[in-house]
$ cat final22.pdb   # PDB, C-alpha atoms, pLDDT in the B column
ATOM      1  CA  MET F 214      61.394  37.884  45.622  1.00 48.00           C
ATOM      2  CA  LYS F 215      63.843  40.200  47.350  1.00 48.00           C
ATOM      3  CA  SER F 216      65.390  43.336  45.895  1.00 49.00           C
ATOM      4  CA  THR F 217      67.964  43.774  48.649  1.00 58.00           C
ATOM      5  CA  TYR F 218      71.116  41.699  48.841  1.00 71.00           C
ATOM      6  CA  GLU F 219      71.119  40.071  52.242  1.00 80.00           C
ATOM      7  CA  THR F 220      73.279  37.340  53.690  1.00 85.00           C
ATOM      8  CA  GLY F 221      71.943  33.847  53.151  1.00 94.00           C
ATOM      9  CA  SER F 222      70.391  34.755  49.810  1.00 96.00           C
ATOM     10  CA  VAL F 223      70.880  33.937  46.131  1.00 98.00           C
ATOM     11  CA  ALA F 224      70.831  36.242  43.115  1.00 98.00           C
ATOM     12  CA  LEU F 225      70.237  34.526  39.775  1.00 98.00           C
ATOM     13  CA  VAL F 226      72.137  36.882  37.489  1.00 98.00           C
ATOM     14  CA  GLY F 227      72.257  37.033  33.706  1.00 98.00           C
ATOM     15  CA  ALA F 228      75.734  37.805  32.369  1.00 97.00           C
ATOM     16  CA  GLY F 229      74.477  38.566  28.864  1.00 96.00           C
ATOM     17  CA  PRO F 230      75.905  37.241  25.590  1.00 95.00           C
ATOM     18  CA  GLY F 231      79.553  37.943  26.389  1.00 93.00           C
ATOM     19  CA  ASP F 232      80.366  41.573  25.671  1.00 96.00           C
ATOM     20  CA  PRO F 233      81.148  43.041  29.119  1.00 96.00           C
ATOM     21  CA  GLU F 234      79.607  46.380  28.148  1.00 96.00           C
ATOM     22  CA  LEU F 235      76.237  44.635  27.855  1.00 97.00           C
ATOM     23  CA  LEU F 236      76.282  43.571  31.510  1.00 97.00           C
ATOM     24  CA  THR F 237      73.689  45.456  33.566  1.00 97.00           C
ATOM     25  CA  LEU F 238      74.699  47.825  36.343  1.00 97.00           C
ATOM     26  CA  LYS F 239      72.713  45.754  38.836  1.00 97.00           C
ATOM     27  CA  ALA F 240      74.495  42.568  37.782  1.00 97.00           C
ATOM     28  CA  LEU F 241      77.859  44.248  38.251  1.00 97.00           C
ATOM     29  CA  ARG F 242      76.898  45.559  41.698  1.00 96.00           C
ATOM     30  CA  LEU F 243      75.801  42.147  42.912  1.00 97.00           C
ATOM     31  CA  ILE F 244      78.853  40.376  41.490  1.00 97.00           C
ATOM     32  CA  GLN F 245      81.148  42.795  43.284  1.00 95.00           C
ATOM     33  CA  ALA F 246      79.276  42.457  46.590  1.00 95.00           C
ATOM     34  CA  ALA F 247      79.023  38.648  46.557  1.00 97.00           C
ATOM     35  CA  ASP F 248      80.716  36.210  48.882  1.00 97.00           C
ATOM     36  CA  VAL F 249      80.711  33.505  46.222  1.00 98.00           C
ATOM     37  CA  VAL F 250      79.947  33.368  42.481  1.00 98.00           C
ATOM     38  CA  VAL F 251      78.706  30.079  41.046  1.00 98.00           C
ATOM     39  CA  HIS F 252      79.246  30.414  37.308  1.00 97.00           C
ATOM     40  CA  ASP F 253      78.673  28.475  34.129  1.00 92.00           C
ATOM     41  CA  ASN F 254      80.568  27.831  30.912  1.00 89.00           C
ATOM     42  CA  LEU F 255      79.027  30.674  28.897  1.00 89.00           C
ATOM     43  CA  VAL F 256      80.120  33.579  31.079  1.00 93.00           C
ATOM     44  CA  GLY F 257      82.705  35.620  29.173  1.00 88.00           C
ATOM     45  CA  GLN F 258      86.228  35.944  30.532  1.00 90.00           C
ATOM     46  CA  ASP F 259      86.028  39.737  30.509  1.00 94.00           C
ATOM     47  CA  ILE F 260      83.009  39.506  32.793  1.00 96.00           C
ATOM     48  CA  MET F 261      84.750  36.999  35.055  1.00 96.00           C
ATOM     49  CA  ALA F 262      87.590  39.519  35.352  1.00 96.00           C
ATOM     50  CA  MET F 263      85.146  41.947  36.992  1.00 96.00           C
ATOM     51  CA  ILE F 264      84.733  39.649  40.002  1.00 97.00           C
ATOM     52  CA  PRO F 265      86.917  40.867  42.888  1.00 97.00           C
ATOM     53  CA  GLN F 266      89.784  38.555  43.815  1.00 96.00           C
ATOM     54  CA  ALA F 267      88.395  38.112  47.327  1.00 96.00           C
ATOM     55  CA  VAL F 268      85.173  36.604  45.997  1.00 97.00           C
ATOM     56  CA  ALA F 269      85.128  32.799  45.876  1.00 97.00           C
ATOM     57  CA  ARG F 270      84.340  31.226  42.504  1.00 97.00           C
ATOM     58  CA  ILE F 271      82.799  27.832  41.833  1.00 97.00           C
ATOM     59  CA  TYR F 272      82.578  26.537  38.264  1.00 95.00           C
ATOM     60  CA  VAL F 273      79.547  24.406  37.433  1.00 94.00           C
ATOM     61  CA  GLY F 274      79.608  24.741  33.657  1.00 84.00           C
ATOM     62  CA  LYS F 275      77.803  22.518  31.197  1.00 68.00           C
ATOM     63  CA  LYS F 276      79.042  21.545  27.764  1.00 61.00           C
ATOM     64  CA  ALA F 277      77.463  19.022  25.422  1.00 57.00           C
ATOM     65  CA  SER F 278      77.579  15.612  27.143  1.00 52.00           C
ATOM     66  CA  ASN F 279      79.972  17.012  29.757  1.00 53.00           C
ATOM     67  CA  HIS F 280      78.360  18.455  32.870  1.00 53.00           C
ATOM     68  CA  THR F 281      80.594  19.414  35.790  1.00 65.00           C
ATOM     69  CA  LEU F 282      77.618  18.879  38.114  1.00 83.00           C
ATOM     70  CA  PRO F 283      74.118  17.578  37.395  1.00 89.00           C
ATOM     71  CA  GLN F 284      71.411  20.237  37.730  1.00 91.00           C
ATOM     72  CA  GLU F 285      70.106  18.741  40.982  1.00 94.00           C
ATOM     73  CA  GLU F 286      73.562  19.072  42.546  1.00 95.00           C
ATOM     74  CA  ILE F 287      73.904  22.676  41.382  1.00 95.00           C
ATOM     75  CA  SER F 288      70.623  23.539  43.071  1.00 96.00           C
ATOM     76  CA  ALA F 289      71.746  21.724  46.214  1.00 96.00           C
ATOM     77  CA  LEU F 290      75.039  23.642  46.168  1.00 97.00           C
ATOM     78  CA  LEU F 291      73.228  26.992  45.986  1.00 97.00           C
ATOM     79  CA  LEU F 292      71.000  25.924  48.856  1.00 97.00           C
ATOM     80  CA  ARG F 293      73.960  24.865  51.013  1.00 97.00           C
ATOM     81  CA  LEU F 294      75.897  28.086  50.375  1.00 98.00           C
ATOM     82  CA  ALA F 295      72.881  30.240  51.227  1.00 97.00           C
ATOM     83  CA  ARG F 296      72.258  28.270  54.414  1.00 97.00           C
ATOM     84  CA  GLU F 297      75.871  28.996  55.386  1.00 97.00           C
ATOM     85  CA  GLY F 298      74.952  32.687  55.344  1.00 97.00           C
ATOM     86  CA  LYS F 299      76.678  33.513  52.068  1.00 97.00           C
ATOM     87  CA  ARG F 300      75.585  36.127  49.564  1.00 97.00           C
ATOM     88  CA  VAL F 301      75.523  33.963  46.470  1.00 98.00           C
ATOM     89  CA  VAL F 302      75.494  34.997  42.824  1.00 98.00           C
ATOM     90  CA  ARG F 303      74.505  32.296  40.370  1.00 98.00           C
ATOM     91  CA  LEU F 304      76.024  33.803  37.229  1.00 98.00           C
ATOM     92  CA  LYS F 305      74.662  32.512  33.939  1.00 96.00           C
ATOM     93  CA  GLY F 306      75.376  33.353  30.320  1.00 95.00           C
ATOM     94  CA  GLY F 307      72.531  35.242  28.674  1.00 96.00           C
ATOM     95  CA  ASP F 308      69.401  35.464  30.802  1.00 97.00           C
ATOM     96  CA  PRO F 309      68.742  33.114  33.743  1.00 96.00           C
ATOM     97  CA  PHE F 310      65.120  32.577  32.685  1.00 97.00           C
ATOM     98  CA  VAL F 311      65.754  31.902  28.968  1.00 96.00           C
ATOM     99  CA  PHE F 312      66.936  28.285  28.739  1.00 93.00           C
ATOM    100  CA  GLY F 313      69.175  28.960  31.725  1.00 89.00           C
ATOM    101  CA  ARG F 314      67.424  26.610  34.190  1.00 92.00           C
ATOM    102  CA  GLY F 315      66.992  29.552  36.509  1.00 95.00           C
ATOM    103  CA  GLY F 316      63.383  28.582  37.058  1.00 96.00           C
ATOM    104  CA  GLU F 317      64.391  25.179  38.409  1.00 96.00           C
ATOM    105  CA  GLU F 318      66.933  26.694  40.785  1.00 97.00           C
ATOM    106  CA  MET F 319      64.468  29.336  41.934  1.00 97.00           C
ATOM    107  CA  GLU F 320      61.875  26.682  42.777  1.00 97.00           C
ATOM    108  CA  VAL F 321      64.310  24.742  44.962  1.00 97.00           C
ATOM    109  CA  LEU F 322      65.520  27.840  46.804  1.00 97.00           C
ATOM    110  CA  LEU F 323      62.099  29.343  47.441  1.00 97.00           C
ATOM    111  CA  ALA F 324      60.747  25.994  48.648  1.00 97.00           C
ATOM    112  CA  ALA F 325      63.518  26.017  51.258  1.00 97.00           C
ATOM    113  CA  GLY F 326      62.761  29.586  52.333  1.00 97.00           C
ATOM    114  CA  ILE F 327      65.874  31.128  50.774  1.00 97.00           C
ATOM    115  CA  PRO F 328      65.481  34.727  49.533  1.00 96.00           C
ATOM    116  CA  VAL F 329      65.986  34.909  45.761  1.00 97.00           C
ATOM    117  CA  GLN F 330      66.294  37.803  43.371  1.00 96.00           C
ATOM    118  CA  ILE F 331      66.441  37.671  39.573  1.00 97.00           C
ATOM    119  CA  VAL F 332      68.617  39.933  37.449  1.00 98.00           C
ATOM    120  CA  PRO F 333      67.808  39.643  33.747  1.00 98.00           C
ATOM    121  CA  GLY F 334      70.514  39.589  31.112  1.00 97.00           C
ATOM    122  CA  ILE F 335      70.572  40.102  27.369  1.00 97.00           C
ATOM    123  CA  THR F 336      69.832  36.696  25.884  1.00 97.00           C
ATOM    124  CA  ALA F 337      71.921  35.338  22.998  1.00 96.00           C
ATOM    125  CA  ALA F 338      69.250  35.930  20.347  1.00 98.00           C
ATOM    126  CA  LEU F 339      69.133  39.657  21.143  1.00 98.00           C
ATOM    127  CA  GLY F 340      72.915  39.824  21.115  1.00 97.00           C
ATOM    128  CA  ALA F 341      73.034  38.086  17.723  1.00 97.00           C
ATOM    129  CA  GLY F 342      70.531  40.460  16.168  1.00 97.00           C
ATOM    130  CA  ALA F 343      72.421  43.496  17.430  1.00 96.00           C
ATOM    131  CA  ALA F 344      75.835  42.135  16.463  1.00 96.00           C
ATOM    132  CA  PHE F 345      74.879  41.275  12.891  1.00 97.00           C
ATOM    133  CA  GLY F 346      72.266  43.928  12.227  1.00 97.00           C
ATOM    134  CA  PHE F 347      69.048  41.985  11.809  1.00 98.00           C
ATOM    135  CA  PRO F 348      65.836  42.548  13.789  1.00 97.00           C
ATOM    136  CA  LEU F 349      64.016  39.632  15.345  1.00 98.00           C
ATOM    137  CA  THR F 350      60.650  41.148  14.434  1.00 97.00           C
ATOM    138  CA  HIS F 351      59.736  43.419  11.541  1.00 97.00           C
ATOM    139  CA  ARG F 352      56.350  44.484  10.220  1.00 95.00           C
ATOM    140  CA  ASP F 353      57.183  43.277   6.710  1.00 95.00           C
ATOM    141  CA  HIS F 354      58.871  40.010   7.708  1.00 96.00           C
ATOM    142  CA  ALA F 355      58.022  38.624  11.129  1.00 97.00           C
ATOM    143  CA  GLN F 356      55.118  39.462  13.391  1.00 96.00           C
ATOM    144  CA  SER F 357      56.426  37.157  16.104  1.00 97.00           C
ATOM    145  CA  CYS F 358      59.666  35.655  17.329  1.00 98.00           C
ATOM    146  CA  VAL F 359      59.876  32.208  18.883  1.00 98.00           C
ATOM    147  CA  PHE F 360      62.736  31.097  21.129  1.00 97.00           C
ATOM    148  CA  VAL F 361      62.960  27.317  20.908  1.00 95.00           C
ATOM    149  CA  THR F 362      65.076  24.736  22.677  1.00 92.00           C
ATOM    150  CA  GLY F 363      66.711  22.303  20.305  1.00 87.00           C
ATOM    151  CA  HIS F 364      67.485  19.934  23.151  1.00 74.00           C
ATOM    152  CA  LEU F 365      64.687  18.667  25.409  1.00 63.00           C
ATOM    153  CA  LYS F 366      65.182  17.175  28.865  1.00 61.00           C
ATOM    154  CA  ASP F 367      64.871  13.643  27.448  1.00 62.00           C
ATOM    155  CA  HIS F 368      67.442  14.539  24.725  1.00 64.00           C
ATOM    156  CA  SER F 369      64.791  14.375  21.987  1.00 71.00           C
ATOM    157  CA  VAL F 370      63.830  17.100  19.501  1.00 80.00           C
ATOM    158  CA  ASN F 371      60.101  16.411  19.774  1.00 84.00           C
ATOM    159  CA  LEU F 372      58.685  19.885  19.141  1.00 92.00           C
ATOM    160  CA  ASP F 373      55.435  21.424  17.877  1.00 94.00           C
ATOM    161  CA  TRP F 374      56.542  21.391  14.243  1.00 97.00           C
ATOM    162  CA  PRO F 375      53.257  22.615  12.672  1.00 97.00           C
ATOM    163  CA  ALA F 376      53.360  25.728  14.874  1.00 97.00           C
ATOM    164  CA  LEU F 377      57.059  26.319  14.212  1.00 97.00           C
ATOM    165  CA  ALA F 378      56.645  25.989  10.431  1.00 97.00           C
ATOM    166  CA  ARG F 379      54.107  28.817  10.215  1.00 95.00           C
ATOM    167  CA  PRO F 380      55.046  31.827   8.067  1.00 92.00           C
ATOM    168  CA  GLY F 381      55.558  35.337   9.393  1.00 95.00           C
ATOM    169  CA  GLN F 382      57.790  34.527  12.337  1.00 98.00           C
ATOM    170  CA  THR F 383      61.444  34.288  13.296  1.00 98.00           C
ATOM    171  CA  LEU F 384      62.692  31.061  14.853  1.00 98.00           C
ATOM    172  CA  VAL F 385      65.703  31.024  17.156  1.00 98.00           C
ATOM    173  CA  PHE F 386      66.894  27.607  18.260  1.00 97.00           C
ATOM    174  CA  TYR F 387      69.113  27.439  21.325  1.00 96.00           C
ATOM    175  CA  MET F 388      71.191  24.269  21.778  1.00 92.00           C
ATOM    176  CA  GLY F 389      70.124  23.191  18.304  1.00 93.00           C
ATOM    177  CA  ILE F 390      73.361  22.029  16.692  1.00 94.00           C
ATOM    178  CA  ALA F 391      73.101  18.382  17.766  1.00 91.00           C
ATOM    179  CA  GLY F 392      69.546  18.147  16.431  1.00 92.00           C
ATOM    180  CA  LEU F 393      70.090  20.220  13.307  1.00 95.00           C
ATOM    181  CA  GLU F 394      69.173  17.479  10.830  1.00 95.00           C
ATOM    182  CA  THR F 395      65.866  16.876  12.597  1.00 94.00           C
ATOM    183  CA  ILE F 396      65.109  20.595  12.832  1.00 96.00           C
ATOM    184  CA  ALA F 397      65.716  21.228   9.133  1.00 97.00           C
ATOM    185  CA  ALA F 398      63.869  18.115   7.975  1.00 96.00           C
ATOM    186  CA  GLU F 399      60.814  18.566  10.201  1.00 96.00           C
ATOM    187  CA  LEU F 400      60.332  22.242   9.387  1.00 97.00           C
ATOM    188  CA  GLN F 401      60.394  21.490   5.659  1.00 98.00           C
ATOM    189  CA  ALA F 402      58.165  18.448   6.085  1.00 98.00           C
ATOM    190  CA  HIS F 403      55.590  20.665   7.800  1.00 97.00           C
ATOM    191  CA  GLY F 404      55.554  23.264   5.060  1.00 97.00           C
ATOM    192  CA  LEU F 405      58.342  25.786   5.644  1.00 98.00           C
ATOM    193  CA  ALA F 406      60.059  26.443   2.317  1.00 97.00           C
ATOM    194  CA  GLY F 407      63.611  25.210   1.892  1.00 98.00           C
ATOM    195  CA  SER F 408      64.464  28.630   0.463  1.00 98.00           C
ATOM    196  CA  THR F 409      63.722  30.329   3.818  1.00 98.00           C
ATOM    197  CA  PRO F 410      66.789  32.317   4.948  1.00 98.00           C
ATOM    198  CA  ALA F 411      68.735  30.752   7.803  1.00 98.00           C
ATOM    199  CA  ALA F 412      71.920  31.436   9.725  1.00 98.00           C
ATOM    200  CA  LEU F 413      74.236  29.853  12.234  1.00 98.00           C
ATOM    201  CA  VAL F 414      75.618  32.344  14.748  1.00 98.00           C
ATOM    202  CA  TYR F 415      78.580  31.597  17.010  1.00 97.00           C
ATOM    203  CA  LYS F 416      79.572  33.678  20.062  1.00 95.00           C
ATOM    204  CA  ALA F 417      77.714  36.834  19.047  1.00 96.00           C
ATOM    205  CA  THR F 418      79.028  40.103  20.591  1.00 95.00           C
ATOM    206  CA  LEU F 419      82.458  38.606  21.278  1.00 94.00           C
ATOM    207  CA  PRO F 420      85.599  39.323  19.189  1.00 93.00           C
ATOM    208  CA  GLU F 421      85.506  35.791  17.731  1.00 94.00           C
ATOM    209  CA  GLN F 422      81.857  36.046  16.660  1.00 96.00           C
ATOM    210  CA  GLN F 423      80.900  34.394  13.362  1.00 97.00           C
ATOM    211  CA  ARG F 424      77.798  34.113  11.210  1.00 97.00           C
ATOM    212  CA  TRP F 425      77.245  31.628   8.393  1.00 98.00           C
ATOM    213  CA  SER F 426      74.319  32.519   6.133  1.00 98.00           C
ATOM    214  CA  CYS F 427      72.400  29.863   4.231  1.00 98.00           C
ATOM    215  CA  THR F 428      68.856  28.614   3.649  1.00 98.00           C
ATOM    216  CA  LEU F 429      66.789  26.084   5.531  1.00 98.00           C
ATOM    217  CA  ALA F 430      67.570  23.527   2.809  1.00 98.00           C
ATOM    218  CA  THR F 431      71.333  24.053   3.074  1.00 98.00           C
ATOM    219  CA  LEU F 432      71.485  24.492   6.855  1.00 98.00           C
ATOM    220  CA  VAL F 433      72.891  21.046   7.658  1.00 98.00           C
ATOM    221  CA  ASP F 434      75.505  21.139   4.885  1.00 98.00           C
ATOM    222  CA  THR F 435      76.600  24.625   5.966  1.00 98.00           C
ATOM    223  CA  ALA F 436      77.083  23.479   9.551  1.00 98.00           C
ATOM    224  CA  ARG F 437      79.140  20.501   8.370  1.00 97.00           C
ATOM    225  CA  GLN F 438      81.222  22.560   5.955  1.00 98.00           C
ATOM    226  CA  HIS F 439      82.208  25.055   8.638  1.00 97.00           C
ATOM    227  CA  GLN F 440      82.318  22.504  11.463  1.00 97.00           C
ATOM    228  CA  VAL F 441      79.982  24.624  13.563  1.00 97.00           C
ATOM    229  CA  LYS F 442      80.054  23.625  17.214  1.00 91.00           C
ATOM    230  CA  PRO F 443      78.045  24.656  20.270  1.00 89.00           C
ATOM    231  CA  PRO F 444      77.396  27.197  21.608  1.00 88.00           C
ATOM    232  CA  ALA F 445      75.782  28.401  18.378  1.00 95.00           C
ATOM    233  CA  LEU F 446      72.329  29.705  17.600  1.00 97.00           C
ATOM    234  CA  VAL F 447      70.219  28.528  14.668  1.00 98.00           C
ATOM    235  CA  ILE F 448      68.116  31.370  13.280  1.00 98.00           C
ATOM    236  CA  ILE F 449      65.479  30.924  10.585  1.00 98.00           C
ATOM    237  CA  GLY F 450      63.354  33.624   8.960  1.00 98.00           C
ATOM    238  CA  SER F 451      63.280  36.351   6.339  1.00 97.00           C
ATOM    239  CA  VAL F 452      64.473  39.003   8.820  1.00 98.00           C
ATOM    240  CA  LEU F 453      67.945  37.674   8.023  1.00 98.00           C
ATOM    241  CA  GLU F 454      67.682  39.364   4.623  1.00 97.00           C
ATOM    242  CA  LEU F 455      68.097  42.656   6.502  1.00 96.00           C
ATOM    243  CA  ALA F 456      71.390  41.683   8.155  1.00 93.00           C
ATOM    244  CA  SER F 457      74.016  44.422   7.914  1.00 83.00           C
ATOM    245  CA  GLY F 458      76.871  42.921   9.891  1.00 64.00           C
TER     246      GLY F 458
END

$ encode --input "final22.pdb" --output "structure tokens"
Amino acid sequence: MKSTYETGSVALVGAGPGDPELLTLKALRLIQAADVVVHDNLVGQDIMAMIPQAVARIYVGKKASNHTLPQEEISALLLRLAREGKRVVRLKGGDPFVFGRGGEEMEVLLAAGIPVQIVPGITAALGAGAAFGFPLTHRDHAQSCVFVTGHLKDHSVNLDWPALARPGQTLVFYMGIAGLETIAAELQAHGLAGSTPAALVYKATLPEQQRWSCTLATLVDTARQHQVKPPALVIIGSVLELASG
């Protein structure tokens, strides 16, 4: 890994959950020094506005069932731009190594001899907890916190349900809206009480942020009632009882 920003290199940069004040100083420096920014759908507009006009921008965003470019082509694009001698920022919502596919892009670039640096960002779960005033861990509620993908590479929701249904932890499902019925049913089938507090969180830290509180048993009905769409987090655990926002 490289800490300097040289030509012909790629920085995988986390843009955080959306609030521009939560962007790191290092992320801002690299964005403003880049030749080209390759960005996804979850990067906030206020953060995009920080990119100088002279910097080229390439959109490669992914929405449910609507990918501008397949992941293999995104990696190939980063490789081509770096080989052209560009200083490339791959700008991702949240953190590039938390369900951001940054690991896949890093592997391709390093295998080709391209210098790569990683700039972490505040992931959505941390932004949600801060925005709505609930901790992800708490000595009286949750001794661990598990970040879980609700959408596997083969589009299934085939997860380790016995481990996820254990008490004393907070579950945060990313990309879980499409598989919400399976998530709720499997957790209850493996012993997690239907009365367990749950919440759906949409665009935390942004002006349009919303939180819908419910229980595990009413999670699916709540999502239907409010027509909750991605990107939204599914959070399950008694730490939600402490929410202040």

$ resolve_selection --input "final22.pdb" --expression "the PyMOL selection byres ((chain F and resi 236) around 12)" --output "JSON, numbers by chain"
{"F": [226, 227, 228, 229, 230, 231, 232, 233, 234, 235, 237, 238, 239, 240, 241, 242, 243, 244, 256, 257, 259, 260, 261, 263, 304, 305, 306, 307, 308, 332, 333, 334, 335, 336, 340, 418]}

$ resolve_selection --input "final22.pdb" --expression "the PyMOL selection byres ((chain F and resi 435) around 12)" --output "NGL selection string"
:F and (390 or 393-394 or 397 or 411-414 or 424-434 or 436-442 or 447)

$ resolve_selection --input "final22.pdb" --expression "the PyMOL selection byres ((chain F and resi 360) around 6)" --output "list of chain:residue names"
F:Val359, F:Val361, F:Val385

$ residues_around --input "final22.pdb" --residues "Lys416 of chain F" --least-positions-apart "5" --cutoff "8 Å" --atoms "only C-alpha atoms" --output "ChimeraX atom specification"
/F:230-231,421-423,444-445

$ residues_around --input "final22.pdb" --residues "Asp248 of chain F" --least-positions-apart "4" --cutoff "12 Å" --atoms "all atoms listed in the file" --output "MDAnalysis selection string"
chainID F and resid 218:224 243:244 264:271 294:295 297:303

$ atom_distance --input "final22.pdb" --atom1 "atom CA of Thr409 of chain F" --atom2 "atom CA of Ala355 of chain F"
12.4 Å

$ build_atoms --input "final22.pdb" --residues "segment 308-333 of chain F" --atoms "N, CA and C atoms" --output "tab-separated table (two decimals), in the coordinates of the input"
chain	number	residue	atom	x	y	z
F	308	ASP	N	70.40	35.14	29.80
F	308	ASP	CA	69.40	35.46	30.80
F	308	ASP	C	69.08	34.20	31.61
F	309	PRO	N	68.96	34.32	32.94
F	309	PRO	CA	68.74	33.11	33.74
F	309	PRO	C	67.41	32.42	33.50
F	310	PHE	N	66.44	33.15	32.92
F	310	PHE	CA	65.12	32.58	32.68
F	310	PHE	C	64.87	32.22	31.22
F	311	VAL	N	65.88	32.31	30.37
F	311	VAL	CA	65.75	31.90	28.97
F	311	VAL	C	66.70	30.73	28.74
F	312	PHE	N	66.18	29.53	28.88
F	312	PHE	CA	66.94	28.28	28.74
F	312	PHE	C	68.16	28.25	29.66
F	313	GLY	N	68.06	28.93	30.79
F	313	GLY	CA	69.18	28.96	31.72
F	313	GLY	C	68.94	28.13	32.97
F	314	ARG	N	67.80	27.43	33.04
F	314	ARG	CA	67.42	26.61	34.19
F	314	ARG	C	67.29	27.41	35.48
F	315	GLY	N	67.18	28.72	35.33
F	315	GLY	CA	66.99	29.55	36.51
F	315	GLY	C	65.69	29.26	37.21
F	316	GLY	N	64.67	28.90	36.45
F	316	GLY	CA	63.38	28.58	37.06
F	316	GLY	C	63.46	27.38	37.97
F	317	GLU	N	64.24	26.37	37.58
F	317	GLU	CA	64.39	25.18	38.41
F	317	GLU	C	65.13	25.51	39.70
F	318	GLU	N	66.18	26.32	39.59
F	318	GLU	CA	66.93	26.69	40.78
F	318	GLU	C	66.10	27.57	41.71
F	319	MET	N	65.33	28.48	41.13
F	319	MET	CA	64.47	29.34	41.93
F	319	MET	C	63.46	28.51	42.73
F	320	GLU	N	62.86	27.52	42.10
F	320	GLU	CA	61.88	26.68	42.78
F	320	GLU	C	62.46	26.00	44.01
F	321	VAL	N	63.66	25.44	43.85
F	321	VAL	CA	64.31	24.74	44.96
F	321	VAL	C	64.60	25.71	46.10
F	322	LEU	N	65.14	26.87	45.78
F	322	LEU	CA	65.52	27.84	46.80
F	322	LEU	C	64.31	28.40	47.54
F	323	LEU	N	63.29	28.78	46.79
F	323	LEU	CA	62.10	29.34	47.44
F	323	LEU	C	61.38	28.31	48.31
F	324	ALA	N	61.38	27.05	47.85
F	324	ALA	CA	60.75	25.99	48.65
F	324	ALA	C	61.45	25.81	49.99
F	325	ALA	N	62.75	26.14	50.02
F	325	ALA	CA	63.52	26.02	51.26
F	325	ALA	C	63.53	27.31	52.06
F	326	GLY	N	62.82	28.33	51.60
F	326	GLY	CA	62.76	29.59	52.33
F	326	GLY	C	63.94	30.50	52.11
F	327	ILE	N	64.71	30.29	51.06
F	327	ILE	CA	65.87	31.13	50.77
F	327	ILE	C	65.45	32.34	49.94
F	328	PRO	N	65.80	33.55	50.35
F	328	PRO	CA	65.48	34.73	49.53
F	328	PRO	C	66.19	34.67	48.18
F	329	VAL	N	65.46	34.97	47.12
F	329	VAL	CA	65.99	34.91	45.76
F	329	VAL	C	65.65	36.20	45.04
F	330	GLN	N	66.60	36.72	44.28
F	330	GLN	CA	66.29	37.80	43.37
F	330	GLN	C	66.80	37.45	41.98
F	331	ILE	N	66.13	37.98	40.96
F	331	ILE	CA	66.44	37.67	39.57
F	331	ILE	C	66.95	38.93	38.89
F	332	VAL	N	68.07	38.81	38.21
F	332	VAL	CA	68.62	39.93	37.45
F	332	VAL	C	68.68	39.51	35.99
F	333	PRO	N	67.82	40.06	35.14
F	333	PRO	CA	67.81	39.64	33.75
F	333	PRO	C	69.09	40.03	33.02
